[in-house]
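Structure first, commentary second.
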Protein chains: 2
Amino acid sequence: MADALILHEYSDSGNCFKIRLTAALLGVALERREYDIQKGETRTEHFLTTVNANGRIPVLQIGGRFLPESNAACCWLAHGSALIPTDRFDHADMLRWMFFEQYNHEPNIATLRFWRRMVGEDRLDSVQRAAIPAKEGAGHAALAVMERQLETRDWLAGDAASLADICLFAYSHVAHQGGFDLDAYPAIQAWVGRVTALPGFVPIDHR
Amino acid sequence: MADALILHEYSDSGNCFKIRLTAALLGVALERREYDIQKGETRTEHFLTTVNANGRIPVLQIGGRFLPESNAACCWLAHGSALIPTDRFDHADMLRWMFFEQYNHEPNIATLRFWRRMVGEDRLDSVQRAAIPAKEGAGHAALAVMERQLETRDWLAGDAASLADICLFAYSHVAHQGGFDLDAYPAIQAWVGRVTALPGFVPIDHR
């Protein structure tokens, strides 16, 4: 019998959505356990000692083991599937976009979405407010790198949809909620349409 | 005949060192091409159109193809080697630590090292200076997560040294250059010793 899969999550997070979307595309069932990150529910002693010492969601629980980091959880789920290219270069190139997502995209686009949508700009501290212009610039720079890649190809890595597309889709398709207008990125918009059309696709607010 | 491998790099960068260390442990030869990132040599039109549209090093050139993102380049190099666990969970857990490295560790520990060692604190702008306390706190939080993991095991993922150890070693072992004293992290110090003792190990300043 396969291990039960439990997603420890905060539903509105794009990082959690990546895992739900990967599972849906693969036809894998996940049990879901919700935490309110704004109430510190991922910083309790129980969470830190049992689920993730880093105090963050998502964490994919696989039987009795816990796997933090959204992109790593997607890799575990998609193991051996068509969402991971088998070609050596394409596989590394998929990971390249996933590392880019965590370094150049998420800290800017997802963070501004969180600040503006969940926290509220008037509740930010002065250091956060001072960081907004740099995050706006870096977020647009990340979108420009994606746009350039998608001008000449349908998918970010290899010849078909891979985890690179799923992981970058998560916050790109809701970038407007962070203040990023996608009108200037027609190739990204067309790609968003292609991801949305994948068989088994589920939206971010699906329950 | 195998493709020629060229590392486009800035030698003092821990991200570039990861790739050199992985290659050294595997006995793979790399040609090295140096760029001065402080002089904008990775932002030239030629670099952006040919090497990396993201304007960053390292990039591993494999024949005529270019692979950005240090951790992805390590994965390409170590493909099929003992540095990548074959067990499904351990493999994903290795990637978990590598994503953690790019999200929680590098932007704090490597950035403060770069600001203090290469740029100089007096040349930072006011937004950068205001970000220092948060980066110090987040860097220590990342080290604490590693310390907790390494208190009960020799290697971060699986039963042997993997890319997770190489990628987190890169900036951890020079954390003091960013102002992070490792005295409070005895398990990390012992692990630094274990990585340094791996057959084929090369130091960061090796040429």
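In the structure tokens, each chain is lettered A, B, ... as it comes, each chain's residues begin at 1, and ligands are numbered from 1 in order of appearance.
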
If the cut-off is 9 Å, can you tell me the residues of chain A near chain B, counting only C-alpha atoms? I'd like them as a PyMOL selection string. chain A and resi 53-54+62+65+67-76+79+88-89+91-100+102-103+107+127-128+130-131+134+141-142+144-145+148-149

Long-range neighbours of Leu5 of chain A as a JSON list (two decimals) with N, CA, C and O atoms, in the first residue's frame, 7 Å cut-off, only C-alpha atoms, 2 positions minimum in chain:
[["chain", "number", "residue", "atom", "x", "y", "z"],
["A", 3, "ASP", "N", 2.21, 5.02, 0.66],
["A", 3, "ASP", "CA", 2.14, 5.93, 1.81],
["A", 3, "ASP", "C", 1.05, 6.96, 1.60],
["A", 3, "ASP", "O", 0.86, 7.47, 0.49],
["A", 7, "LEU", "N", -0.61, 17.18, 2.49],
["A", 7, "LEU", "CA", 0.00, 18.47, 2.19],
["A", 7, "LEU", "C", -0.28, 19.43, 3.34],
["A", 7, "LEU", "O", -1.44, 19.78, 3.60],
["A", 30, "LEU", "N", -4.21, 14.02, -2.63],
["A", 30, "LEU", "CA", -3.52, 14.58, -1.47],
["A", 30, "LEU", "C", -4.54, 14.91, -0.39],
["A", 30, "LEU", "O", -5.56, 15.53, -0.68],
["A", 31, "GLU", "N", -4.23, 14.55, 0.82],
["A", 31, "GLU", "CA", -5.00, 15.08, 1.95],
["A", 31, "GLU", "C", -4.42, 16.46, 2.26],
["A", 31, "GLU", "O", -3.22, 16.68, 2.10],
["A", 60, "LEU", "N", 5.31, 18.45, 2.28],
["A", 60, "LEU", "CA", 4.61, 17.25, 1.83],
["A", 60, "LEU", "C", 4.96, 16.12, 2.78],
["A", 60, "LEU", "O", 6.14, 15.77, 2.92],
["A", 61, "GLN", "N", 3.96, 15.59, 3.47],
["A", 61, "GLN", "CA", 4.18, 14.45, 4.36],
["A", 61, "GLN", "C", 3.93, 13.17, 3.57],
["A", 61, "GLN", "O", 2.87, 12.99, 2.95],
["A", 62, "ILE", "N", 4.93, 12.30, 3.58],
["A", 62, "ILE", "CA", 4.89, 11.03, 2.82],
["A", 62, "ILE", "C", 4.97, 9.92, 3.86],
["A", 62, "ILE", "O", 6.06, 9.61, 4.36],
["A", 63, "GLY", "N", 3.82, 9.36, 4.21],
["A", 63, "GLY", "CA", 3.81, 8.42, 5.32],
["A", 63, "GLY", "C", 4.29, 9.15, 6.57],
["A", 63, "GLY", "O", 3.73, 10.19, 6.94]]

Would you compute the distance between atom CA of Thr111 of chain A and atom CA of His46 of chain A? Give it in Å to one decimal. 26.0 Å

Closest to Arg116 of chain B among B:Ile57, B:Leu156, B:Leu143, B:Ala175, using only C-alpha atoms?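 Distance minimum relative to Arg116 of chain B lands on B:Ala175.
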
Leaving out Cys16 of chain A and any residue of its chain fewer than 6 positions from it, which residues lie within 7 Å of it when counting only C-alpha atoms, given as a list in words? Glu9, Tyr10, Pro58 and Ser70 of chain A

List every residue of chain A that DSSP, applied to the backbone of this structure, places in strand (DSSP E), and write the result as a count of residues only. 17

Would you pick out the contacts of Ala170 of chain B at 9 Å or less, using only C-alpha atoms, so that residues sharing its chain but fewer than 5 positions from it are not included, and give the list as a PyMOL selection string? chain B and resi 13-18+21+165+204

Once you have the residues from the selection above, write them out as a short mmCIF file (atom, residue, chain, number, x, y, z; two decimals), in the first residue's frame, restricted to all heavy atoms.
data_model
loop_
_atom_site.label_atom_id
_atom_site.label_comp_id
_atom_site.auth_asym_id
_atom_site.auth_seq_id
_atom_site.Cartn_x
_atom_site.Cartn_y
_atom_site.Cartn_z
N SER B 13 33.06 33.87 -6.04
CA SER B 13 31.66 33.53 -5.76
C SER B 13 31.55 32.09 -5.28
O SER B 13 32.06 31.16 -5.91
CB SER B 13 30.85 33.71 -7.05
OG SER B 13 29.72 32.85 -7.04
N GLY B 14 30.83 31.90 -4.18
CA GLY B 14 30.58 30.55 -3.69
C GLY B 14 29.72 29.75 -4.66
O GLY B 14 29.85 28.53 -4.76
N ASN B 15 28.83 30.44 -5.38
CA ASN B 15 28.00 29.74 -6.37
C ASN B 15 28.86 29.12 -7.47
O ASN B 15 28.55 28.05 -7.97
CB ASN B 15 26.97 30.71 -6.98
CG ASN B 15 25.83 31.01 -6.02
OD1 ASN B 15 25.41 30.17 -5.24
ND2 ASN B 15 25.32 32.24 -6.07
N CYS B 16 29.92 29.82 -7.85
CA CYS B 16 30.83 29.28 -8.87
C CYS B 16 31.69 28.16 -8.28
O CYS B 16 31.95 27.14 -8.93
CB CYS B 16 31.71 30.40 -9.43
SG CYS B 16 30.75 31.72 -10.22
N PHE B 17 32.11 28.34 -7.03
CA PHE B 17 32.91 27.33 -6.34
C PHE B 17 32.19 25.99 -6.26
O PHE B 17 32.80 24.92 -6.42
CB PHE B 17 33.29 27.84 -4.95
CG PHE B 17 33.88 26.80 -4.04
CD1 PHE B 17 35.02 26.08 -4.40
CD2 PHE B 17 33.28 26.51 -2.82
CE1 PHE B 17 35.55 25.11 -3.55
CE2 PHE B 17 33.80 25.56 -1.97
CZ PHE B 17 34.94 24.85 -2.34
N LYS B 18 30.87 26.03 -6.00
CA LYS B 18 30.09 24.77 -5.95
C LYS B 18 30.35 23.90 -7.16
O LYS B 18 30.45 22.68 -7.08
CB LYS B 18 28.59 25.08 -6.00
CG LYS B 18 27.96 25.69 -4.84
CD LYS B 18 26.52 26.07 -5.27
CE LYS B 18 25.90 26.99 -4.25
NZ LYS B 18 24.59 27.50 -4.75
N LEU B 21 33.89 22.56 -7.23
CA LEU B 21 34.06 21.49 -6.25
C LEU B 21 33.38 20.20 -6.73
O LEU B 21 33.96 19.10 -6.61
CB LEU B 21 33.49 21.93 -4.89
CG LEU B 21 33.54 20.90 -3.75
CD1 LEU B 21 34.95 20.33 -3.55
CD2 LEU B 21 33.02 21.52 -2.44
N ASP B 165 25.20 18.72 0.35
CA ASP B 165 26.34 19.11 1.18
C ASP B 165 27.27 20.07 0.44
O ASP B 165 27.72 21.07 0.98
CB ASP B 165 27.10 17.85 1.62
CG ASP B 165 26.20 16.91 2.40
OD1 ASP B 165 25.83 17.25 3.54
OD2 ASP B 165 25.82 15.86 1.85
N ILE B 204 38.18 26.92 -2.11
CA ILE B 204 37.50 27.93 -2.92
C ILE B 204 38.49 28.76 -3.74
O ILE B 204 38.15 29.22 -4.83
CB ILE B 204 36.60 28.82 -2.02
CG1 ILE B 204 35.65 29.70 -2.89
CG2 ILE B 204 37.41 29.66 -1.06
CD1 ILE B 204 34.53 30.35 -2.11
#

Which neighbours of Ser81 of chain B fall inside 12 Å, counting only C-alpha atoms, when residues of the same chain fewer than 6 positions from it are skipped, and could you give them as a list in words? Thr22, Ala23, Leu25, Leu26, Gly27, Val28, Cys74, Cys75, Ala161, Ser162 and Leu163 of chain B

So which residues of segment 3-203 of chain A fall under helix (DSSP H, G or I) by DSSP, listed as a ChimeraX atom specification? /A:14-26,37-39,45-51,70-78,88-119,121-123,126-150,163-172,175-178,182-184,186-196

Using atom CA of Met118 of chain A and atom CA of Lys39 of chain A as the two end points, give the distance in Å to one decimal. 12.0 Å

Residues near Glu151 of chain A, cut-off 10 Å, only C-alpha atoms, skip fewer than 2 positions along chain, as a CSV table (one decimal) with N, CA and C atoms, in the first residue's frame:
chain,number,residue,atom,x,y,z
A,146,MET,N,11.8,35.3,-18.5
A,146,MET,CA,10.8,34.3,-18.9
A,146,MET,C,10.2,34.6,-20.3
A,147,GLU,N,9.9,35.9,-20.5
A,147,GLU,CA,9.3,36.4,-21.8
A,147,GLU,C,10.2,36.0,-22.9
A,148,ARG,N,11.5,36.3,-22.7
A,148,ARG,CA,12.5,36.1,-23.8
A,148,ARG,C,12.5,34.6,-24.1
A,149,GLN,N,12.5,33.8,-23.1
A,149,GLN,CA,12.6,32.3,-23.3
A,149,GLN,C,11.3,31.8,-24.1
A,153,ARG,N,9.6,29.4,-27.8
A,153,ARG,CA,9.3,28.1,-27.4
A,153,ARG,C,8.0,28.0,-26.6
A,154,ASP,N,7.4,26.8,-26.6
A,154,ASP,CA,6.1,26.7,-25.9
A,154,ASP,C,6.3,26.5,-24.4
A,155,TRP,N,7.4,25.8,-24.1
A,155,TRP,CA,7.6,25.4,-22.7
A,155,TRP,C,9.0,25.8,-22.2
A,185,TYR,N,3.9,41.4,-21.4
A,185,TYR,CA,4.5,40.0,-21.6
A,185,TYR,C,3.6,39.1,-22.3
A,186,PRO,N,3.4,39.3,-23.6
A,186,PRO,CA,2.4,38.5,-24.4
A,186,PRO,C,2.9,37.0,-24.5
A,187,ALA,N,4.1,36.7,-24.5
A,187,ALA,CA,4.5,35.3,-24.6
A,187,ALA,C,4.2,34.6,-23.3
A,188,ILE,N,4.4,35.3,-22.1
A,188,ILE,CA,4.0,34.7,-20.9
A,188,ILE,C,2.5,34.5,-20.8
A,190,ALA,N,0.4,33.9,-23.3
A,190,ALA,CA,0.1,32.7,-24.2
A,190,ALA,C,0.5,31.4,-23.5
A,191,TRP,N,1.6,31.4,-22.8
A,191,TRP,CA,2.1,30.2,-22.0
A,191,TRP,C,1.1,29.9,-20.9

Have a look at atom CA of Ser11 of chain B and atom CA of Asp205 of chain B and let me know their distance in Å, one decimal.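 Interatomic distance, atom CA of Ser11 of chain B to atom CA of Asp205 of chain B: 7.4 Å.
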